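The file upload37.cif comes next; it holds mmCIF, C-alpha atoms and all ligand atoms.
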```cif
data_final
#
loop_
_atom_site.label_atom_id
_atom_site.label_comp_id
_atom_site.auth_asym_id
_atom_site.auth_seq_id
_atom_site.Cartn_x
_atom_site.Cartn_y
_atom_site.Cartn_z
CA MET L 1 -22.04 99.82 92.80
CA PRO L 2 -18.82 100.88 91.09
CA ARG L 3 -17.19 103.84 92.74
CA LEU L 4 -15.62 106.96 91.32
CA VAL L 5 -13.55 109.72 92.92
CA MET L 6 -14.07 113.25 91.55
CA LYS L 7 -11.85 116.04 92.86
CA PHE L 8 -12.60 119.72 92.33
CA GLY L 9 -9.81 122.27 92.84
CA GLY L 10 -10.14 125.82 94.11
CA THR L 11 -11.12 127.57 90.89
CA SER L 12 -13.69 124.85 90.20
CA VAL L 13 -15.50 125.68 93.47
CA ALA L 14 -14.67 129.40 93.58
CA ASP L 15 -18.28 130.51 94.10
CA LEU L 16 -21.79 129.09 94.45
CA ALA L 17 -22.36 129.00 90.68
CA ARG L 18 -19.20 126.95 90.17
CA ILE L 19 -20.10 124.63 93.03
CA ALA L 20 -23.43 124.09 91.26
CA ASN L 21 -21.61 123.43 87.99
CA ALA L 22 -19.39 120.85 89.71
CA ALA L 23 -22.41 119.31 91.43
CA ARG L 24 -24.10 118.79 88.04
CA LYS L 25 -21.06 116.81 86.90
CA VAL L 26 -21.33 114.68 90.02
CA GLN L 27 -25.05 114.18 89.46
CA ARG L 28 -24.37 112.91 85.94
CA GLU L 29 -21.99 110.26 87.26
CA VAL L 30 -24.51 109.21 89.92
CA GLU L 31 -27.15 108.88 87.20
CA SER L 32 -24.83 106.68 85.19
CA GLY L 33 -24.58 104.29 88.11
CA TYR L 34 -21.66 105.31 90.32
CA ASP L 35 -21.34 105.86 94.02
CA VAL L 36 -19.17 108.98 94.09
CA ILE L 37 -16.59 110.26 96.54
CA VAL L 38 -16.18 113.97 95.87
CA ILE L 39 -13.04 115.63 97.19
CA VAL L 40 -13.16 119.40 97.41
CA SER L 41 -10.56 122.12 97.82
CA ALA L 42 -11.14 125.45 99.50
CA MET L 43 -12.65 128.17 97.32
CA SER L 44 -9.84 129.72 95.27
CA GLY L 45 -7.76 132.23 97.22
CA LYS L 46 -9.16 131.05 100.56
CA THR L 47 -6.17 128.98 101.66
CA ASN L 48 -3.78 131.83 100.78
CA GLU L 49 -5.88 134.18 102.86
CA LEU L 50 -5.86 131.78 105.84
CA VAL L 51 -2.09 131.26 105.57
CA GLY L 52 -1.66 135.05 105.45
CA TRP L 53 -3.67 135.47 108.66
CA VAL L 54 -1.56 132.87 110.45
CA ASP L 55 1.67 134.56 109.29
CA ALA L 56 0.38 137.95 110.41
CA VAL L 57 -0.42 136.71 113.91
CA SER L 58 2.64 134.54 114.37
CA PRO L 59 5.52 134.38 111.86
CA LEU L 60 7.12 131.37 113.58
CA TYR L 61 3.73 129.77 114.09
CA ASP L 62 2.80 126.64 116.01
CA ALA L 63 2.16 124.17 113.17
CA ARG L 64 -0.81 122.59 114.99
CA GLU L 65 -2.64 125.90 115.03
CA TYR L 66 -1.61 126.60 111.42
CA ASP L 67 -3.38 123.36 110.51
CA ALA L 68 -6.42 124.23 112.63
CA VAL L 69 -6.82 127.49 110.71
CA VAL L 70 -5.69 126.52 107.21
CA SER L 71 -7.75 123.31 107.00
CA SER L 72 -11.00 125.25 107.52
CA GLY L 73 -11.40 126.43 103.91
CA GLU L 74 -12.17 122.90 102.73
CA ASN L 75 -14.83 122.43 105.43
CA VAL L 76 -16.90 125.25 104.00
CA THR L 77 -16.80 123.90 100.44
CA ALA L 78 -17.59 120.34 101.57
CA GLY L 79 -20.75 121.47 103.38
CA LEU L 80 -21.85 123.73 100.51
CA MET L 81 -21.27 120.97 97.95
CA ALA L 82 -23.33 118.47 100.00
CA LEU L 83 -26.14 121.01 100.35
CA THR L 84 -26.07 121.80 96.63
CA LEU L 85 -26.32 118.11 95.77
CA GLN L 86 -29.15 117.60 98.24
CA GLU L 87 -31.02 120.50 96.63
CA MET L 88 -30.66 118.67 93.31
CA GLY L 89 -32.18 115.57 94.85
CA VAL L 90 -28.92 113.64 95.17
CA PRO L 91 -28.44 111.91 98.56
CA ALA L 92 -25.15 113.44 99.73
CA ARG L 93 -23.31 113.95 103.01
CA SER L 94 -20.16 115.91 103.86
CA TRP L 95 -17.21 114.54 105.83
CA GLN L 96 -14.29 116.31 107.40
CA GLY L 97 -11.00 114.43 107.44
CA TRP L 98 -11.25 113.38 111.10
CA GLN L 99 -14.74 111.99 110.63
CA VAL L 100 -13.72 109.43 108.00
CA PRO L 101 -11.02 109.25 109.53
CA VAL L 102 -8.13 110.19 107.23
CA LYS L 103 -5.27 109.07 109.48
CA THR L 104 -1.99 110.88 108.88
CA THR L 105 1.49 111.22 110.32
CA ASN L 106 2.18 113.92 112.86
CA ALA L 107 4.10 116.18 110.47
CA HIS L 108 1.81 119.19 110.81
CA GLY L 109 1.66 121.29 107.65
CA ALA L 110 3.13 118.47 105.55
CA ALA L 111 1.51 115.30 106.87
CA ARG L 112 1.34 112.05 104.92
CA ILE L 113 -1.76 109.91 104.75
CA GLU L 114 -1.20 106.57 106.51
CA ASP L 115 -4.61 104.96 106.39
CA ILE L 116 -8.19 105.61 105.33
CA PRO L 117 -10.50 102.96 106.81
CA PRO L 118 -13.28 102.76 104.20
CA ASP L 119 -15.95 101.30 106.51
CA ASN L 120 -17.79 104.45 107.62
CA ILE L 121 -18.35 105.78 104.13
CA ALA L 122 -19.01 102.30 102.69
CA ALA L 123 -21.74 101.77 105.32
CA LYS L 124 -23.42 105.02 104.23
CA PHE L 125 -23.26 103.98 100.58
CA ALA L 126 -24.91 100.70 101.60
CA GLU L 127 -27.73 102.70 103.24
CA GLY L 128 -28.42 104.58 100.00
CA MET L 129 -26.19 107.63 100.22
CA LYS L 130 -24.93 108.33 96.70
CA VAL L 131 -22.23 110.93 97.28
CA ALA L 132 -19.69 111.35 100.08
CA VAL L 133 -18.26 114.86 99.90
CA VAL L 134 -14.91 114.87 101.66
CA ALA L 135 -12.91 117.94 102.63
CA GLY L 136 -9.55 117.56 100.90
CA PHE L 137 -6.09 118.49 102.20
CA GLN L 138 -6.77 117.48 105.80
CA GLY L 139 -6.59 114.55 108.18
CA ILE L 140 -6.05 113.68 111.79
CA GLY L 141 -2.68 112.92 113.36
CA PRO L 142 -1.68 110.52 116.14
CA ASP L 143 -1.80 113.53 118.50
CA ASN L 144 -5.55 113.62 117.78
CA ARG L 145 -5.27 117.02 116.14
CA ILE L 146 -6.13 118.18 112.61
CA THR L 147 -3.27 117.95 110.12
CA THR L 148 -2.85 119.28 106.58
CA LEU L 149 -1.02 117.62 103.71
CA GLY L 150 0.98 120.52 102.21
CA ARG L 151 -0.15 122.94 99.51
CA GLY L 152 -2.04 121.27 96.69
CA GLY L 153 -2.79 118.35 99.04
CA SER L 154 -6.38 117.77 97.93
CA ASP L 155 -5.02 115.91 94.91
CA THR L 156 -3.40 113.48 97.33
CA THR L 157 -6.59 113.12 99.33
CA ALA L 158 -8.36 112.21 96.09
CA VAL L 159 -5.89 109.53 95.01
CA ALA L 160 -5.70 108.10 98.53
CA PHE L 161 -9.50 107.72 98.58
CA ALA L 162 -9.48 106.12 95.16
CA ALA L 163 -7.01 103.52 96.44
CA ALA L 164 -8.66 103.00 99.82
CA MET L 165 -12.20 102.71 98.42
CA GLN L 166 -11.27 100.81 95.27
CA ALA L 167 -12.65 103.40 92.92
CA GLU L 168 -12.69 102.63 89.24
CA ARG L 169 -10.99 105.94 88.48
CA CYS L 170 -9.84 109.19 90.07
CA ASP L 171 -10.87 112.27 88.08
CA ILE L 172 -9.10 115.53 88.95
CA TYR L 173 -11.19 118.47 87.72
CA THR L 174 -9.23 121.70 87.43
CA ASP L 175 -8.96 124.93 85.45
CA VAL L 176 -7.02 123.45 82.51
CA ASP L 177 -8.26 120.58 80.37
CA GLY L 178 -5.36 118.24 81.07
CA VAL L 179 -1.63 117.92 81.53
CA TYR L 180 0.27 119.97 78.97
CA THR L 181 3.80 119.82 77.60
CA THR L 182 4.39 122.82 79.85
CA ASP L 183 2.29 125.30 81.80
CA PRO L 184 -0.12 126.66 79.16
CA ARG L 185 -0.13 129.96 81.04
CA ILE L 186 3.53 130.49 80.19
CA GLU L 187 3.79 128.95 76.72
CA GLU L 188 0.80 129.39 74.45
CA LYS L 189 2.13 126.71 72.10
CA ALA L 190 1.92 124.11 74.90
CA ARG L 191 0.05 120.97 73.80
CA LYS L 192 -2.29 118.82 75.84
CA LEU L 193 -1.04 115.27 76.26
CA ASP L 194 -3.58 112.45 75.86
CA ARG L 195 -1.50 110.24 78.13
CA ILE L 196 1.49 110.63 80.37
CA SER L 197 3.34 107.98 82.35
CA TYR L 198 3.35 108.01 86.15
CA GLU L 199 7.14 108.41 86.12
CA GLU L 200 7.11 111.47 83.89
CA MET L 201 4.20 113.05 85.75
CA LEU L 202 6.00 112.43 89.02
CA GLU L 203 9.08 114.26 87.75
CA LEU L 204 7.06 117.13 86.27
CA ALA L 205 5.11 117.53 89.52
CA SER L 206 8.17 117.42 91.74
CA LEU L 207 9.93 119.91 89.47
CA GLY L 208 7.15 122.44 89.84
CA ALA L 209 4.19 121.62 87.53
CA LYS L 210 1.52 122.19 90.13
CA VAL L 211 -1.32 120.60 88.16
CA LEU L 212 -0.95 117.56 90.47
CA GLN L 213 0.67 117.39 93.90
CA THR L 214 3.77 115.17 93.75
CA ARG L 215 2.58 112.88 96.49
CA SER L 216 -0.69 112.21 94.64
CA VAL L 217 1.24 110.88 91.65
CA GLU L 218 3.42 108.72 93.92
CA LEU L 219 0.31 107.18 95.45
CA ALA L 220 -1.34 106.68 92.06
CA MET L 221 1.76 104.89 90.80
CA ARG L 222 2.05 102.69 93.88
CA TYR L 223 -1.64 101.68 93.96
CA LYS L 224 -2.15 101.72 90.19
CA VAL L 225 -4.94 104.26 90.40
CA ARG L 226 -6.28 105.35 87.00
CA LEU L 227 -5.81 109.07 87.25
CA ARG L 228 -7.37 111.53 84.84
CA VAL L 229 -6.91 115.31 84.76
CA LEU L 230 -9.68 117.30 83.11
CA SER L 231 -11.44 120.64 82.98
CA SER L 232 -14.38 121.41 85.21
CA PHE L 233 -15.53 124.00 82.67
CA GLU L 234 -16.07 121.68 79.71
CA ASP L 235 -18.29 118.72 78.98
CA VAL L 236 -16.57 115.41 79.46
CA THR L 237 -16.18 112.99 76.58
CA GLU L 238 -14.34 109.68 76.35
CA THR L 239 -11.22 111.45 75.08
CA SER L 240 -11.27 114.42 77.45
CA GLY L 241 -8.33 115.27 79.60
CA THR L 242 -5.08 113.47 80.20
CA LEU L 243 -4.75 109.94 81.51
CA VAL L 244 -1.82 109.38 83.87
CA CYS L 245 -0.98 105.72 83.39
CA ALA L 246 1.70 103.06 83.24
CA GLU L 247 4.48 103.45 80.70
CA GLU L 248 3.32 100.28 78.91
CA GLU L 249 0.00 101.93 78.04
CA ILE L 250 1.74 104.60 75.98
CA MET L 251 2.53 103.63 72.42
CA GLU L 252 5.48 105.82 71.69
CA SER L 253 7.00 108.45 73.87
CA LYS L 254 9.07 111.39 72.81
CA VAL L 255 12.57 111.87 74.14
CA VAL L 256 11.37 114.91 76.07
CA SER L 257 7.69 115.08 76.98
CA GLY L 258 7.52 118.19 79.10
CA VAL L 259 9.14 121.30 80.53
CA ALA L 260 8.59 122.30 84.16
CA TYR L 261 9.63 125.32 86.16
CA SER L 262 9.76 126.33 89.75
CA ARG L 263 9.85 130.01 90.58
CA ASP L 264 10.34 129.43 94.23
CA GLU L 265 14.07 128.64 94.36
CA ALA L 266 17.05 130.23 96.07
CA LYS L 267 20.74 129.60 95.55
CA MET L 268 23.03 129.72 98.58
CA THR L 269 26.80 129.68 98.45
CA LEU L 270 29.18 129.09 101.31
CA VAL L 271 32.32 130.87 100.27
CA SER L 272 35.65 129.31 101.13
CA VAL L 273 34.97 126.36 103.39
CA ALA L 274 37.72 123.96 104.41
CA ASP L 275 37.93 121.11 101.88
CA ARG L 276 38.25 118.07 104.12
CA PRO L 277 36.52 114.72 104.58
CA GLY L 278 33.23 115.21 106.40
CA ILE L 279 32.68 118.81 105.33
CA ALA L 280 29.53 118.04 103.31
CA ALA L 281 28.08 116.14 106.26
CA ALA L 282 28.95 119.02 108.59
CA ILE L 283 27.09 121.47 106.32
CA PHE L 284 24.07 119.44 105.31
CA THR L 285 23.30 117.74 108.64
CA PRO L 286 22.31 120.96 110.44
CA LEU L 287 20.34 122.02 107.36
CA ALA L 288 18.42 118.74 107.39
CA GLU L 289 17.81 119.05 111.12
CA ALA L 290 16.42 122.54 110.55
CA GLY L 291 13.97 121.12 107.99
CA VAL L 292 15.58 122.78 104.96
CA ASN L 293 14.79 120.93 101.74
CA VAL L 294 18.09 121.06 99.91
CA ASP L 295 17.72 120.29 96.22
CA MET L 296 20.76 120.85 93.98
CA ILE L 297 24.30 120.76 95.34
CA VAL L 298 27.55 121.81 93.69
CA GLN L 299 31.01 121.77 95.18
CA ASN L 300 33.43 123.94 93.26
CA ILE L 301 37.04 123.04 92.59
CA SER L 302 39.08 123.81 95.63
CA GLU L 303 42.16 125.97 95.85
CA GLU L 304 44.66 125.66 98.63
CA GLY L 305 42.47 123.36 100.65
CA ARG L 306 39.36 125.51 100.45
CA THR L 307 36.24 125.21 98.37
CA ASP L 308 32.90 126.90 97.63
CA MET L 309 29.77 124.90 98.33
CA THR L 310 26.57 125.92 96.55
CA PHE L 311 23.09 124.50 97.09
CA SER L 312 19.52 125.41 96.27
CA CYS L 313 16.45 125.37 98.52
CA PRO L 314 12.94 126.89 98.50
CA THR L 315 13.02 130.69 98.82
CA ASP L 316 10.99 130.68 102.02
CA GLN L 317 13.58 128.47 103.74
CA VAL L 318 16.52 130.84 103.23
CA THR L 319 16.22 132.45 106.66
CA ARG L 320 16.04 129.04 108.31
CA ALA L 321 19.08 127.86 106.35
CA GLU L 322 21.11 130.96 107.26
CA LYS L 323 20.26 130.48 110.92
CA ALA L 324 21.26 126.80 110.89
CA LEU L 325 24.57 127.53 109.14
CA ASP L 326 25.41 130.50 111.37
CA GLU L 327 24.78 128.32 114.43
CA ALA L 328 27.03 125.57 113.05
CA LYS L 329 29.72 128.18 112.40
CA ALA L 330 29.37 129.53 115.94
CA LYS L 331 29.75 125.99 117.30
CA GLY L 332 32.88 125.54 115.20
CA THR L 333 31.63 122.50 113.23
CA ILE L 334 31.99 124.46 109.97
CA ASN L 335 33.95 127.51 108.97
CA TYR L 336 33.29 129.71 105.94
CA HIS L 337 34.25 133.20 104.85
CA GLY L 338 30.89 134.24 103.50
CA LEU L 339 27.32 133.11 102.93
CA ILE L 340 25.63 134.48 99.82
CA ALA L 341 21.91 133.99 99.24
CA ASP L 342 20.52 134.65 95.76
CA LYS L 343 16.74 134.65 95.84
CA ASP L 344 16.30 135.75 92.23
CA VAL L 345 16.72 132.37 90.59
CA CYS L 346 14.35 129.73 89.27
CA LYS L 347 14.65 126.13 88.17
CA VAL L 348 13.73 125.00 84.68
CA SER L 349 13.70 121.29 83.81
CA VAL L 350 13.07 119.02 80.85
CA VAL L 351 11.56 115.60 81.52
CA GLY L 352 11.18 112.51 79.37
CA ILE L 353 11.39 108.76 79.66
CA GLY L 354 13.03 108.69 76.24
CA MET L 355 16.17 110.17 77.81
CA ARG L 356 16.98 106.72 79.14
CA SER L 357 17.83 105.60 75.63
CA HIS L 358 18.77 108.86 73.89
CA ALA L 359 21.99 110.76 74.46
CA GLY L 360 22.39 114.47 73.87
CA VAL L 361 19.36 115.91 75.66
CA ALA L 362 21.45 117.96 78.08
CA ALA L 363 23.64 119.31 75.28
CA ARG L 364 20.58 120.34 73.25
CA MET L 365 19.11 122.01 76.30
CA PHE L 366 22.28 124.00 77.00
CA GLN L 367 22.55 125.04 73.33
CA ALA L 368 18.97 126.31 73.35
CA LEU L 369 19.57 128.36 76.49
CA ALA L 370 22.89 129.67 75.17
CA ALA L 371 21.20 130.81 71.96
CA GLU L 372 18.92 132.99 74.09
CA GLY L 373 21.81 134.31 76.17
CA VAL L 374 20.55 132.60 79.33
CA ASN L 375 23.35 131.88 81.77
CA ILE L 376 23.16 128.56 83.65
CA LYS L 377 24.08 128.71 87.34
CA VAL L 378 23.66 125.11 88.51
CA ILE L 379 22.87 121.88 86.67
CA THR L 380 21.54 118.53 87.90
CA THR L 381 20.49 115.47 85.98
CA SER L 382 18.79 112.18 86.70
CA GLU L 383 17.75 109.29 84.49
CA ILE L 384 14.74 111.09 83.02
CA LYS L 385 15.33 114.80 83.67
CA VAL L 386 17.80 117.65 83.34
CA SER L 387 17.36 120.72 85.55
CA VAL L 388 19.10 124.06 85.49
CA LEU L 389 19.04 127.04 87.81
CA VAL L 390 18.85 130.37 85.97
CA ASP L 391 18.03 133.99 86.82
CA ARG L 392 14.33 134.34 87.44
CA LYS L 393 13.95 137.10 84.87
CA TYR L 394 14.71 134.48 82.19
CA MET L 395 12.14 131.96 83.39
CA GLU L 396 9.50 132.42 80.66
CA LEU L 397 12.14 132.79 77.99
CA ALA L 398 13.90 129.61 79.09
CA VAL L 399 10.66 127.59 79.19
CA GLN L 400 9.67 128.80 75.73
CA ALA L 401 13.14 128.21 74.26
CA LEU L 402 13.19 124.64 75.56
CA HIS L 403 9.64 123.99 74.39
CA ASP L 404 10.77 125.03 70.90
CA ALA L 405 14.09 123.20 71.02
CA PHE L 406 12.42 119.87 71.77
CA GLU L 407 9.60 120.54 69.30
CA LEU L 408 6.93 120.00 71.92
CA GLU L 409 4.34 121.94 69.92
CA ASN L 410 4.03 118.74 67.88
CA ALA L 411 3.36 116.52 70.89
CA ALA L 412 0.05 114.82 71.57
P1 LIG L 501 -6.49 123.33 91.33
O1 LIG L 501 -6.86 124.55 92.10
O2 LIG L 501 -7.60 122.80 90.48
O3 LIG L 501 -5.85 122.27 92.18
P2 LIG L 501 -3.87 124.20 90.43
O4 LIG L 501 -3.75 125.67 90.28
O5 LIG L 501 -3.31 123.57 91.64
O6 LIG L 501 -5.41 123.82 90.25
O7 LIG L 501 -3.23 123.45 89.15
C1 LIG L 501 -3.64 123.80 87.86
C2 LIG L 501 -2.62 124.76 87.24
O8 LIG L 501 -1.39 124.08 87.02
C3 LIG L 501 -2.98 125.27 85.87
O9 LIG L 501 -3.83 126.40 85.96
C4 LIG L 501 -1.64 125.58 85.23
O10 LIG L 501 -1.33 126.95 85.26
C5 LIG L 501 -0.64 124.86 86.13
N1 LIG L 501 0.28 123.99 85.38
C6 LIG L 501 1.63 123.97 85.53
N2 LIG L 501 2.20 123.10 84.70
C7 LIG L 501 1.20 122.52 83.99
C8 LIG L 501 1.17 121.52 82.98
N3 LIG L 501 2.29 120.92 82.52
N4 LIG L 501 -0.02 121.15 82.47
C9 LIG L 501 -1.15 121.74 82.92
N5 LIG L 501 -1.19 122.68 83.87
C10 LIG L 501 -0.03 123.09 84.43
N1 LIG L 502 -6.61 124.36 99.49
C1 LIG L 502 -5.29 123.78 99.58
C2 LIG L 502 -4.28 124.65 98.85
O1 LIG L 502 -4.64 125.68 98.31
C3 LIG L 502 -5.26 122.36 99.08
C4 LIG L 502 -5.62 122.19 97.62
O2 LIG L 502 -6.30 123.04 97.05
O3 LIG L 502 -5.26 121.16 97.06
O4 LIG L 502 -3.13 124.35 98.87
MG MG L 503 -3.91 122.06 92.95
#
```
Please rewrite the model in this file as structure tokens.
Ligand code: ADP
Ligand code: ASP
Ligand code: MG
Amino acid sequence: MPRLVMKFGGTSVADLARIANAARKVQREVESGYDVIVIVSAMSGKTNELVGWVDAVSPLYDAREYDAVVSSGENVTAGLMALTLQEMGVPARSWQGWQVPVKTTNAHGAARIEDIPPDNIAAKFAEGMKVAVVAGFQGIGPDNRITTLGRGGSDTTAVAFAAAMQAERCDIYTDVDGVYTTDPRIEEKARKLDRISYEEMLELASLGAKVLQTRSVELAMRYKVRLRVLSSFEDVTETSGTLVCAEEEIMESKVVSGVAYSRDEAKMTLVSVADRPGIAAAIFTPLAEAGVNVDMIVQNISEEGRTDMTFSCPTDQVTRAEKALDEAKAKGTINYHGLIADKDVCKVSVVGIGMRSHAGVAARMFQALAAEGVNIKVITTSEIKVSVLVDRKYMELAVQALHDAFELENAA
């Protein structure tokens, strides 16, 4: 039997009626001849609630216990989905990550999937089971304890299963009907894309478009999984949703295909550090050791042997970064006159494969922001993206201005 992976996100399984709606979609695929692996998220809001409880009990929590608590939301949905399917007469069984097993690294809270032996589930399919409902977002580490894959991780579970079980396709059902030129909740003129390349989707995801977890796109690209994003609230047709596919499968791409934003950014500046060889290593090594994900870095022009070093990191890592830098200063490995944290910034990025062969994207981006009076604080570029850090109050305005400037309302 050909196999299909169907993943349902939090809003798609938010209550029993929605679980039933999702189950009917699964039933239809079973009736058309597939063995289906269903990956479910926790009911919407559940994971946030669980994370909040952990934080309330223990702000500097033990990550193993965080995973024990936070993984539980998916267990509930997996059982309810299997029961709903059984009630509809579809032979279904639920699986928690450890039962498959979904083997992961030991990085609790942000584990990576290492292996999914397909044999247990394949044996059940051979016995006549039609649907394996798997709790997303979770696995088991080498320490024999439950792990989780980072927020949004059920997407990655889905793609990993599609690769491990040689599914024909991986369908990600969510609350929008595909991947858009930007978040349709911020820009009403955003257009749904019929296709997007793995590379562009990877950039959009890593720059904040949470419609797919970054790691899921990486896996899809590596294992050539046919990945489709579509709405769980609409009927599926051949042309529904967005196909994430190889660049060669896209006829013509625009210079810029999407705009992404990330609200969750902070800018930190070390004022007046000694400008000498090794200073960047002395600053960024303790940050890396403290687990701070440094993103953009700017070193300002130095005066009289001193310089300002600015970097960005996720807002919730500011305290950790301050601690690491203060400790390095106390040890004497770095010396600075001040440390300024600005938590009211956001990152806005434009992404497009066409940038490889077209000059002037950055200039057009800066002009569009200037026309709106948006001041740019930090800039970074790569082959297929340009990102800027701006005040958070300008986030919507910046996204909309860039969407207009690159005429994305005409995309398809
Ligand atoms: P799920 O719970 O199904 O995993 P998510 O909330 O994680 O859903 O992801 C879907 C959301 O991603 C959408 O509701 C939308 O607001 C947001 N989003 C951000 N950027 C985009 C984009 N470019 N295209 C589509 N959706 C986007
Ligand atoms: N429930 C988890 C989260 O909210 C995983 C997911 O939904 O993908 O992050
Ligand atoms: Mg998600």
Q.
Which residues are close to Met165 in chain L, i.e. within 10 Å by all atoms listed in the file, leaving aside same-chain residues fewer than 4 positions away? Reply as a PyMOL selection string.
A. chain L and resi 3-5+37+116-119+121-122+159-161
Take the selection from the previous step and output its residues with C-alpha atoms, as a tab-separated table (two decimals), in the coordinates of the input.
```tsv
chain	number	residue	atom	x	y	z
L	3	ARG	CA	-17.19	103.84	92.74
L	4	LEU	CA	-15.62	106.96	91.32
L	5	VAL	CA	-13.55	109.72	92.92
L	37	ILE	CA	-16.59	110.26	96.54
L	116	ILE	CA	-8.19	105.61	105.33
L	117	PRO	CA	-10.50	102.96	106.81
L	118	PRO	CA	-13.28	102.76	104.20
L	119	ASP	CA	-15.95	101.30	106.51
L	121	ILE	CA	-18.35	105.78	104.13
L	122	ALA	CA	-19.01	102.30	102.69
L	159	VAL	CA	-5.89	109.53	95.01
L	160	ALA	CA	-5.70	108.10	98.53
L	161	PHE	CA	-9.50	107.72	98.58
```
Pull the closest atom pair for each residue of chain L that gets at most 6 Å from ligand LIG 501 (chain L), along with the distance in Å to one decimal, counting all atoms listed in the file, ordering rows by chain and then ascending residue number, as a Markdown table.
```
| residue | atom | partner | partner_atom | distance |
| --- | --- | --- | --- | --- |
| L:Gly9 | CA | L:LIG501 | O2 | 3.3 |
| L:Gly10 | CA | L:LIG501 | O1 | 4.1 |
| L:Thr11 | CA | L:LIG501 | O1 | 5.4 |
| L:Gly152 | CA | L:LIG501 | O5 | 5.7 |
| L:Thr174 | CA | L:LIG501 | O2 | 3.6 |
| L:Asp175 | CA | L:LIG501 | O9 | 5.4 |
| L:Val176 | CA | L:LIG501 | O9 | 5.5 |
| L:Gly178 | CA | L:LIG501 | C9 | 5.8 |
| L:Val179 | CA | L:LIG501 | N4 | 3.7 |
| L:Tyr180 | CA | L:LIG501 | N4 | 3.7 |
| L:Thr181 | CA | L:LIG501 | N3 | 5.3 |
| L:Thr182 | CA | L:LIG501 | N3 | 3.9 |
| L:Asp183 | CA | L:LIG501 | N2 | 3.6 |
| L:Arg185 | CA | L:LIG501 | O10 | 5.3 |
| L:Ala209 | CA | L:LIG501 | N2 | 3.8 |
| L:Lys210 | CA | L:LIG501 | O8 | 4.7 |
| L:Val211 | CA | L:LIG501 | O7 | 3.6 |
```
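For the residues L:Asp171, L:Glu265, L:Asp342, L:Glu74, ranking by smallest atom-to-atom distance to ligand LIG 502 (chain L) using only C-alpha atoms and all ligand atoms places L:Glu74 first.
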(Q) Measuring between all atoms listed in the file, which one of L:Met88, L:Leu202, L:Ala330, L:Ile172 shows the shortest distance to ligand LIG 502 (chain L)? (A)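 Using all atoms listed in the file, ligand LIG 502 (chain L) sits closest to L:Ile172.
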Q.
Counting only C-alpha atoms, which residue out of L:Thr214, L:Asn293, L:Thr380, L:Ser240 sits closest to Arg320 in chain L?
A.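 Looking only at the distances to Arg320 in chain L, the closest residue turns out to be L:Asn293.
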Q: Rank L:Gly278, L:Gly291, L:Gly141, L:Gly352 by their smallest atom-to-atom distance to Ala324 in chain L, using all atoms listed in the file, and report the top residue only.
A: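 Ranking L:Gly278, L:Gly291, L:Gly141, L:Gly352 by distance to Ala324 in chain L, first place goes to L:Gly291.
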Identify, on the basis of all atoms listed in the file, every residue whose closest approach to Cys170 in chain L does not exceed 7 Å; exclude the query and any residue fewer than 3 positions from it along the same chain; express the result as an mmCIF file with C-alpha atoms, in the frame of the given file.
```cif
data_model
loop_
_atom_site.group_PDB
_atom_site.id
_atom_site.type_symbol
_atom_site.label_atom_id
_atom_site.label_comp_id
_atom_site.auth_asym_id
_atom_site.auth_seq_id
_atom_site.Cartn_x
_atom_site.Cartn_y
_atom_site.Cartn_z
ATOM 1 C CA LEU L 4 -15.620 106.960 91.320
ATOM 2 C CA VAL L 5 -13.550 109.720 92.920
ATOM 3 C CA MET L 6 -14.070 113.250 91.550
ATOM 4 C CA ALA L 158 -8.360 112.210 96.090
ATOM 5 C CA VAL L 159 -5.890 109.530 95.010
ATOM 6 C CA ALA L 162 -9.480 106.120 95.160
ATOM 7 C CA VAL L 225 -4.940 104.260 90.400
ATOM 8 C CA ARG L 226 -6.280 105.350 87.000
ATOM 9 C CA LEU L 227 -5.810 109.070 87.250
ATOM 10 C CA ARG L 228 -7.370 111.530 84.840
#
```
Because some atoms of range 355-359 of chain L are absent here, can you restore N, CA, C and O atoms and send them as a PDB file, in the coordinates of the input?
```
ATOM      1  N   MET L 355      14.777 109.828  77.481  1.00  0.00           N
ATOM      2  CA  MET L 355      16.170 110.170  77.810  1.00  0.00           C
ATOM      3  C   MET L 355      16.973 108.949  78.222  1.00  0.00           C
ATOM      4  O   MET L 355      18.197 108.952  78.105  1.00  0.00           O
ATOM      5  N   ARG L 356      16.277 107.944  78.728  1.00  0.00           N
ATOM      6  CA  ARG L 356      16.980 106.720  79.140  1.00  0.00           C
ATOM      7  C   ARG L 356      17.759 106.126  77.963  1.00  0.00           C
ATOM      8  O   ARG L 356      18.814 105.556  78.149  1.00  0.00           O
ATOM      9  N   SER L 357      17.189 106.250  76.777  1.00  0.00           N
ATOM     10  CA  SER L 357      17.830 105.600  75.630  1.00  0.00           C
ATOM     11  C   SER L 357      18.369 106.587  74.591  1.00  0.00           C
ATOM     12  O   SER L 357      18.880 106.174  73.569  1.00  0.00           O
ATOM     13  N   HIS L 358      18.250 107.888  74.851  1.00  0.00           N
ATOM     14  CA  HIS L 358      18.770 108.860  73.890  1.00  0.00           C
ATOM     15  C   HIS L 358      19.802 109.757  74.548  1.00  0.00           C
ATOM     16  O   HIS L 358      19.521 110.356  75.589  1.00  0.00           O
ATOM     17  N   ALA L 359      20.970 109.861  73.937  1.00  0.00           N
ATOM     18  CA  ALA L 359      21.990 110.760  74.460  1.00  0.00           C
ATOM     19  C   ALA L 359      21.739 112.159  73.902  1.00  0.00           C
ATOM     20  O   ALA L 359      20.982 112.335  72.951  1.00  0.00           O
TER      21      ALA L 359
END
```
